[in-house]
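Just query25.txt here, compact mmCIF, C-alpha atoms:
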# COMPACT_ATOMS: atom_id res chain seq x y z
CA MET A 188 16.64 10.63 18.98
CA SER A 189 15.72 9.86 15.38
CA SER A 190 12.86 7.44 14.80
CA ILE A 191 14.20 4.55 12.74
CA ARG A 192 11.13 2.27 12.59
CA HIS A 193 9.13 3.74 9.71
CA HIS A 194 5.78 2.15 8.83
CA PHE A 195 4.74 1.83 5.18
CA VAL A 196 1.29 0.62 6.29
CA PRO A 197 0.09 2.93 9.10
CA GLN A 198 -0.57 1.51 12.55
CA GLY A 199 -3.83 3.43 12.87
CA TYR A 200 -5.18 1.82 9.70
CA LEU A 201 -4.04 -1.66 10.80
CA ARG A 202 -6.01 -1.27 14.03
CA GLY A 203 -9.15 -1.71 11.94
CA PHE A 204 -8.15 -5.37 11.47
CA THR A 205 -7.20 -6.27 15.04
CA GLU A 206 -8.30 -9.45 16.76
CA ALA A 207 -11.85 -9.62 18.03
CA GLY A 208 -11.99 -9.02 21.78
CA ASP A 209 -8.70 -7.10 21.80
CA ALA A 210 -9.71 -4.01 23.76
CA SER A 211 -6.37 -2.36 23.06
CA ARG A 212 -6.81 -2.86 19.29
CA SER A 213 -3.12 -3.70 19.10
CA PHE A 214 -2.81 -7.23 17.70
CA VAL A 215 -3.44 -8.84 14.31
CA TRP A 216 -2.74 -12.29 12.91
CA VAL A 217 0.08 -12.20 10.37
CA TYR A 218 0.11 -14.69 7.48
CA ASP A 219 3.30 -15.04 5.45
CA LYS A 220 3.38 -16.10 1.80
CA GLN A 221 6.79 -17.72 2.23
CA PRO A 222 6.85 -21.51 2.70
CA GLY A 223 7.47 -22.68 6.24
CA ARG A 224 6.15 -19.51 7.89
CA ILE A 225 3.17 -20.12 10.18
CA PRO A 226 0.59 -17.49 11.23
CA ARG A 227 1.59 -15.48 14.28
CA LYS A 228 -0.19 -12.88 16.37
CA LYS A 229 1.79 -9.64 16.37
CA SER A 230 1.31 -6.05 17.45
CA VAL A 231 0.59 -3.49 14.74
CA ARG A 232 3.69 -1.63 15.92
CA SER A 233 5.92 -4.54 14.94
CA ILE A 234 4.72 -5.11 11.36
CA ALA A 235 4.78 -3.37 7.97
CA TRP A 236 7.84 -1.22 8.66
CA ALA A 237 11.41 -0.84 7.44
CA PRO A 238 14.44 0.87 9.00
CA ALA A 239 14.70 4.56 8.12
CA TYR A 240 12.28 3.96 5.25
CA TYR A 241 11.53 7.68 4.78
CA SER A 242 15.09 8.87 5.42
CA GLN A 243 16.40 11.69 3.22
CA GLU A 244 19.67 13.55 2.85
CA ARG A 245 20.13 17.10 4.01
CA GLU A 246 22.10 19.56 1.88
CA ASP A 247 25.21 18.83 3.94
CA GLY A 248 24.88 15.10 3.25
CA THR A 249 23.74 14.08 6.76
CA PRO A 250 20.70 11.80 7.08
CA ASP A 251 17.30 13.22 7.99
CA ASN A 252 15.36 10.32 9.46
CA ASP A 253 12.51 12.28 11.00
CA SER A 254 11.03 14.97 8.75
CA LEU A 255 8.90 12.91 6.36
CA GLU A 256 8.00 10.24 8.92
CA SER A 257 6.82 12.93 11.34
CA ALA A 258 4.91 14.78 8.62
CA LEU A 259 3.02 11.61 7.64
CA ALA A 260 2.35 10.68 11.27
CA GLN A 261 0.95 14.12 12.07
CA THR A 262 -1.23 14.45 8.95
CA ILE A 263 -2.61 11.64 6.81
CA ASP A 264 -1.75 8.75 9.15
CA ASN A 265 -3.36 10.58 12.06
CA GLU A 266 -6.37 11.81 10.13
CA ILE A 267 -7.44 8.65 8.31
CA PRO A 268 -8.29 6.46 11.35
CA LYS A 269 -10.61 9.22 12.58
CA ILE A 270 -12.34 9.40 9.20
CA LEU A 271 -12.69 5.62 8.98
CA SER A 272 -14.16 5.40 12.48
CA ARG A 273 -16.86 7.93 11.52
CA ILE A 274 -18.06 6.01 8.45
CA ASP A 275 -21.42 4.48 9.38
CA ALA A 276 -22.00 2.08 6.50
CA ILE A 277 -25.52 0.67 6.41
CA PRO A 278 -26.46 -1.48 3.37
CA GLU A 279 -28.77 0.25 0.91
CA LYS A 280 -27.97 3.62 2.46
CA ILE A 281 -25.61 6.42 1.39
CA VAL A 282 -22.35 7.26 3.15
CA THR A 283 -21.91 10.94 3.89
CA LEU A 284 -18.38 12.31 3.69
CA ASP A 285 -17.52 15.99 3.59
CA ASN A 286 -15.24 17.10 0.76
CA GLY A 287 -12.18 17.36 2.98
CA SER A 288 -12.63 13.83 4.33
CA GLN A 289 -13.19 12.37 0.88
CA GLU A 290 -10.11 14.12 -0.48
CA ALA A 291 -8.03 12.88 2.46
CA LEU A 292 -9.31 9.33 1.96
CA ALA A 293 -8.54 9.51 -1.77
CA PHE A 294 -4.98 10.62 -1.03
CA PHE A 295 -4.65 7.81 1.52
CA VAL A 296 -5.68 5.30 -1.15
CA GLY A 297 -3.12 6.74 -3.56
CA LEU A 298 -0.36 6.87 -0.95
CA SER A 299 -1.14 3.31 0.16
CA LEU A 300 -0.25 2.26 -3.37
CA THR A 301 2.96 4.27 -3.66
CA ARG A 302 4.51 4.20 -0.17
CA VAL A 303 4.89 0.41 -0.12
CA PRO A 304 8.08 -1.38 -1.26
CA SER A 305 6.23 -2.84 -4.24
CA PHE A 306 6.20 0.67 -5.74
CA ARG A 307 9.29 2.30 -4.24
CA ASP A 308 11.58 -0.59 -5.17
CA GLY A 309 10.56 -0.18 -8.81
CA ILE A 310 11.35 3.56 -8.74
CA ASP A 311 14.71 2.90 -7.11
CA ALA A 312 15.52 0.27 -9.74
CA MET A 313 14.58 2.67 -12.55
CA TYR A 314 16.86 5.43 -11.21
CA THR A 315 19.67 2.93 -10.71
CA TRP A 316 19.27 1.75 -14.30
CA VAL A 317 19.44 5.34 -15.58
CA ALA A 318 22.51 6.07 -13.43
CA GLN A 319 24.26 2.92 -14.64
CA ARG A 320 23.52 3.65 -18.30
CA THR A 321 24.86 7.18 -17.79
CA LEU A 322 28.03 5.84 -16.19
CA GLU A 323 28.55 3.39 -19.06
CA HIS A 324 28.05 6.21 -21.57
CA LEU A 325 30.69 8.30 -19.79
CA ALA A 326 33.04 5.32 -19.83
CA ASP A 327 32.58 5.07 -23.61
CA GLN A 328 33.69 8.69 -23.88
CA ASN A 329 36.53 8.61 -21.35
CA SER A 330 39.16 5.86 -21.21
CA TRP A 331 40.22 6.86 -17.67
CA ILE A 332 36.68 6.20 -16.38
CA ALA A 333 36.50 2.97 -18.38
CA GLU A 334 39.76 1.72 -16.88
CA GLY A 335 38.57 2.56 -13.38
CA LEU A 336 35.30 0.71 -13.87
CA GLU A 337 37.09 -2.36 -15.19
CA LYS A 338 39.70 -2.30 -12.42
CA TYR A 339 37.35 -1.76 -9.46
CA GLY A 340 34.10 -3.18 -10.83
CA ALA A 341 32.27 -0.03 -9.80
CA ARG A 342 28.56 0.30 -10.53
CA ALA A 343 26.10 3.17 -10.12
CA GLU A 344 23.28 2.83 -7.62
CA ALA A 345 20.51 5.29 -6.82
CA LYS A 346 20.05 6.33 -3.21
CA PRO A 347 16.75 5.09 -1.71
CA TRP A 348 15.40 8.60 -1.07
CA VAL A 349 15.12 9.32 -4.83
CA SER A 350 11.77 7.48 -4.81
CA LEU A 351 10.21 9.72 -2.15
CA GLU A 352 9.25 12.58 -4.47
CA PRO A 353 7.63 10.22 -7.04
CA MET A 354 5.89 8.46 -4.13
CA VAL A 355 4.00 11.64 -3.23
CA ARG A 356 3.53 12.93 -6.78
CA VAL A 357 2.03 9.68 -8.10
CA ALA A 358 -0.14 9.35 -4.97
CA GLU A 359 -1.65 12.76 -5.78
CA GLN A 360 -2.33 11.68 -9.37
CA ILE A 361 -4.07 8.50 -8.17
CA ALA A 362 -6.10 10.50 -5.65
CA ASN A 363 -7.28 13.01 -8.25
CA SER A 364 -8.31 10.16 -10.56
CA ALA A 365 -10.13 8.35 -7.74
CA LEU A 366 -12.15 11.46 -6.85
CA ARG A 367 -13.61 11.50 -10.37
CA LYS A 368 -14.90 7.93 -10.03
CA ASN A 369 -17.96 6.35 -8.48
CA TRP A 370 -17.34 5.44 -4.84
CA GLN A 371 -19.04 2.32 -3.53
CA PHE A 372 -18.83 0.88 -0.01
CA PHE A 373 -19.23 -2.80 0.82
CA VAL A 374 -20.08 -4.48 4.12
CA PRO A 375 -19.12 -8.17 4.51
CA PRO A 376 -21.05 -10.78 6.49
CA GLU A 377 -19.85 -11.37 10.04
CA THR A 378 -18.71 -14.86 9.04
CA VAL A 379 -16.17 -13.52 6.51
CA PRO A 380 -14.22 -10.56 7.93
CA LEU A 381 -12.09 -8.63 5.47
CA VAL A 382 -8.28 -8.75 5.54
CA THR A 383 -5.51 -6.38 4.51
CA SER A 384 -1.83 -6.71 3.62
CA ASP A 385 1.56 -5.06 3.19
CA ASN A 386 0.27 -3.94 -0.24
CA PRO A 387 -3.30 -3.00 0.73
CA VAL A 388 -4.80 -1.44 -2.43
CA VAL A 389 -5.79 -3.61 -5.39
CA PHE A 390 -6.12 -2.04 -8.82
CA SER A 391 -7.44 -3.52 -12.06
CA GLY A 392 -8.72 -2.58 -15.48
CA GLY A 393 -12.21 -2.10 -14.09
CA ALA A 394 -14.81 -1.53 -16.78
CA VAL A 395 -12.46 -2.26 -19.70
CA GLY A 396 -10.71 -5.24 -18.13
CA LEU A 397 -7.15 -4.21 -18.96
CA SER A 398 -4.77 -5.39 -16.25
CA GLN A 399 -1.97 -3.23 -17.68
CA LEU A 400 -3.69 0.01 -16.71
CA GLY A 401 -1.95 2.06 -14.06
CA PRO A 402 -3.94 2.99 -10.93
CA ALA A 403 -4.30 6.64 -12.01
CA HIS A 404 -5.85 5.70 -15.36
CA PRO A 405 -9.48 6.87 -15.80
CA ASP A 406 -10.57 3.27 -16.47
CA ALA A 407 -8.74 1.70 -13.52
CA GLU A 408 -10.70 0.37 -10.58
CA LEU A 409 -9.31 0.58 -7.04
CA LEU A 410 -10.24 -1.65 -4.10
CA ILE A 411 -9.15 -1.26 -0.48
CA ASN A 412 -10.49 -3.03 2.59
CA LEU A 413 -10.80 -0.06 4.96
CA ARG A 414 -11.66 -2.09 8.05
CA LYS A 415 -12.44 -5.72 8.66
CA ASP A 416 -16.10 -4.77 8.26
CA LEU A 417 -15.89 -2.27 5.40
CA ALA A 418 -14.40 -2.01 1.89
CA LEU A 419 -14.22 0.80 -0.65
CA VAL A 420 -14.21 0.48 -4.43
CA CYS A 421 -13.49 3.49 -6.64
CA THR A 422 -14.83 2.43 -10.00
CA PRO A 423 -15.29 4.02 -13.44
CA LYS A 424 -18.56 2.08 -13.71
CA ARG A 425 -21.75 4.10 -13.49
CA GLY A 426 -25.34 3.13 -12.79
CA TYR A 427 -25.42 3.34 -9.00
CA PRO A 428 -25.49 6.45 -6.84
CA SER A 429 -22.04 7.39 -5.62
CA MET A 430 -21.30 6.59 -1.94
CA HIS A 431 -23.89 3.77 -1.99
CA VAL A 432 -23.44 0.90 0.51
CA PHE A 433 -23.84 -2.73 -0.58
CA ARG A 434 -23.99 -5.97 1.39
CA LEU A 435 -21.49 -8.64 0.30
CA SER A 436 -22.38 -12.31 0.25
CA PRO A 437 -19.84 -14.71 1.82
CA SER A 438 -18.51 -15.65 -1.63
CA GLU A 439 -18.20 -11.97 -2.63
CA ALA A 440 -16.33 -11.14 0.59
CA ARG A 441 -13.93 -14.01 -0.08
CA LYS A 442 -13.41 -12.61 -3.59
CA PHE A 443 -12.45 -9.24 -2.11
CA ASN A 444 -10.00 -10.98 0.22
CA ARG A 445 -8.60 -13.01 -2.65
CA GLY A 446 -7.67 -9.82 -4.47
CA VAL A 447 -5.89 -8.47 -1.39
CA VAL A 448 -4.03 -11.75 -0.82
CA ARG A 449 -2.88 -11.95 -4.42
CA ALA A 450 -1.68 -8.33 -4.35
CA ALA A 451 0.24 -8.76 -1.09
CA ARG A 452 4.00 -8.56 -1.30
CA GLN A 453 4.69 -10.98 1.52
CA ARG A 454 2.29 -10.64 4.46
CA VAL A 455 -1.47 -10.62 4.99
CA PHE A 456 -3.08 -9.27 8.16
CA ALA A 457 -6.34 -10.57 9.64
CA ASP A 458 -8.32 -10.48 12.86
CA HIS A 459 -8.33 -14.25 13.39
CA LYS A 460 -6.34 -17.45 12.93
CA SER A 461 -7.61 -19.76 10.19
CA ASP A 462 -6.10 -22.82 8.52
CA THR A 463 -8.20 -22.02 5.47
CA LEU A 464 -6.80 -18.50 5.23
CA GLU A 465 -3.26 -19.80 5.77
CA SER A 466 -3.64 -22.24 2.85
CA PHE A 467 -5.16 -19.48 0.76
CA VAL A 468 -2.22 -17.14 1.41
CA LYS A 469 0.31 -19.86 0.56
CA LYS A 470 -1.54 -20.58 -2.70
CA TYR A 471 -0.58 -17.13 -3.99
CA SER A 472 3.01 -17.17 -2.72
CA GLY A 473 4.38 -16.42 -6.19
CA GLU A 474 2.16 -13.42 -6.86
CA GLU A 475 2.56 -9.75 -6.00
CA GLN A 476 0.94 -6.61 -7.39
CA ARG A 477 3.41 -4.06 -8.75
CA ILE A 478 3.08 -0.71 -10.46
CA VAL A 479 5.19 -0.93 -13.60
CA VAL A 480 7.43 2.13 -14.01
Show how you would write the structure in this file as structure tokens.
Amino acid sequence: MSSIRHHFVPQGYLRGFTEAGDASRSFVWVYDKQPGRIPRKKSVRSIAWAPAYYSQEREDGTPDNDSLESALAQTIDNEIPKILSRIDAIPEKIVTLDNGSQEALAFFVGLSLTRVPSFRDGIDAMYTWVAQRTLEHLADQNSWIAEGLEKYGARAEAKPWVSLEPMVRVAEQIANSALRKNWQFFVPPETVPLVTSDNPVVFSGGAVGLSQLGPAHPDAELLINLRKDLALVCTPKRGYPSMHVFRLSPSEARKFNRGVVRAARQRVFADHKSDTLESFVKKYSGEEQRIVV
């Protein structure tokens, strides 16, 4: 039977933010930006997914719901939790990652930016716009098409799978850019655990402060909370040894979380229930990070 529940934030990654004391590492607290939604404890299996999200069409027009989902599950989504569990981040020390693990982590960062609806919806909208403009151009050239459009109100719409190829291609571009940057790891205090979201990677203008930069730009800075006790920043800034580990102060850890909350599309995931965090999430209900295409 085809698997219909496709996760755009992997379950294995989300397990790094599960509730303290949860031996099964299966449950997180979910905060919703929408008014009237209260925090709820949910399993990682039940969040950050969409029906047939990676579905494609075969040559005969039938849906293929399994190929890409299975490929992701068996490769990057299976590999990354193992890599993250092996990272022993001690402040003032250096993290050791072999080249294969660093490349896989870089691709995960890139894919975490492009597999989410905040990116794919923009690609789908762009293709739909192109298809509609093409249809209107044809109608200008052919009165029969024009009459049909007027009579039936037909409009062109791109199929959702058209964004899958750009999803992978742009993720590779982001990964290659990230590998050329300075990698820094950050450990928060126990009193301020890190959170993640349905849009887990935050990008900014980094050293040049230009918010319009895309995440693959050489001057863009990327931030992802890898676990509730570890964050990664890929920065164009120099001056520190790459792979260095820093200790965050409580205010710095809250700043990291603020970036993740602001970037979130709709939901934030944390290991605990907090009225303060709930208010914080609601404060940024009108914000969402998008890659402009």
Within 10 Å of file point (0.6, -1.4, 16.0), counting only C-alpha atoms, expressed as a PDB file with C-alpha atoms, keeping the file's coordinate frame:
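For reference, result07.pdb as written:
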ATOM      1  CA  HIS A 194       5.780   2.150   8.830  1.00  0.00           C
ATOM      2  CA  VAL A 196       1.290   0.620   6.290  1.00  0.00           C
ATOM      3  CA  PRO A 197       0.090   2.930   9.100  1.00  0.00           C
ATOM      4  CA  GLN A 198      -0.570   1.510  12.550  1.00  0.00           C
ATOM      5  CA  GLY A 199      -3.830   3.430  12.870  1.00  0.00           C
ATOM      6  CA  TYR A 200      -5.180   1.820   9.700  1.00  0.00           C
ATOM      7  CA  LEU A 201      -4.040  -1.660  10.800  1.00  0.00           C
ATOM      8  CA  ARG A 202      -6.010  -1.270  14.030  1.00  0.00           C
ATOM      9  CA  THR A 205      -7.200  -6.270  15.040  1.00  0.00           C
ATOM     10  CA  SER A 211      -6.370  -2.360  23.060  1.00  0.00           C
ATOM     11  CA  ARG A 212      -6.810  -2.860  19.290  1.00  0.00           C
ATOM     12  CA  SER A 213      -3.120  -3.700  19.100  1.00  0.00           C
ATOM     13  CA  PHE A 214      -2.810  -7.230  17.700  1.00  0.00           C
ATOM     14  CA  VAL A 215      -3.440  -8.840  14.310  1.00  0.00           C
ATOM     15  CA  LYS A 229       1.790  -9.640  16.370  1.00  0.00           C
ATOM     16  CA  SER A 230       1.310  -6.050  17.450  1.00  0.00           C
ATOM     17  CA  VAL A 231       0.590  -3.490  14.740  1.00  0.00           C
ATOM     18  CA  ARG A 232       3.690  -1.630  15.920  1.00  0.00           C
ATOM     19  CA  SER A 233       5.920  -4.540  14.940  1.00  0.00           C
ATOM     20  CA  ILE A 234       4.720  -5.110  11.360  1.00  0.00           C
ATOM     21  CA  ALA A 235       4.780  -3.370   7.970  1.00  0.00           C
TER      22      ALA A 235
END
Problem - Among listed residues A:Ala210, A:Ala362, A:Ile274, A:Ile225, nearest A:Arg414 (using only C-alpha atoms) - result: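 Of A:Ala210, A:Ala362, A:Ile274, A:Ile225, the one nearest A:Arg414, counting only C-alpha atoms, is A:Ile274.
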Practice task
Tell me, as a PyMOL selection string, which residues lie within 10 Å of A:Arg445, counting all atoms listed in the file; anything in the same chain fewer than 3 positions away does not count.
Solution key: chain A and resi 381-382+439-442+448-451+464+467-468+471
Handout entry: Straight-line distance linking atom CA of A:Ser242 with atom CA of A:Asn363, stated in Å to one decimal
Key =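 These two atoms are separated by 26.5 Å.
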Practice task
One decimal, Å: what's the distance from atom CA of A:Ala418 over to atom CA of A:Lys469, could you say?
Solution key: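 It comes out at 23.2 Å.
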Practice task
Kindly indicate which residue among A:Arg245, A:His193, A:Lys220, A:Lys280 lies nearest to A:Pro428, using all atoms listed in the file for the distances.
Solution key: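 Of the candidates, the smallest distance to A:Pro428 is held by A:Lys280.
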Handout entry: Spatial neighbours of A:Leu259, max dist 12 Å, all atoms listed in the file, sep filter under 5 positions, as a ChimeraX atom specification
Key = /A:193-199,241,253-254,264-267,294-295,298-299,302,355
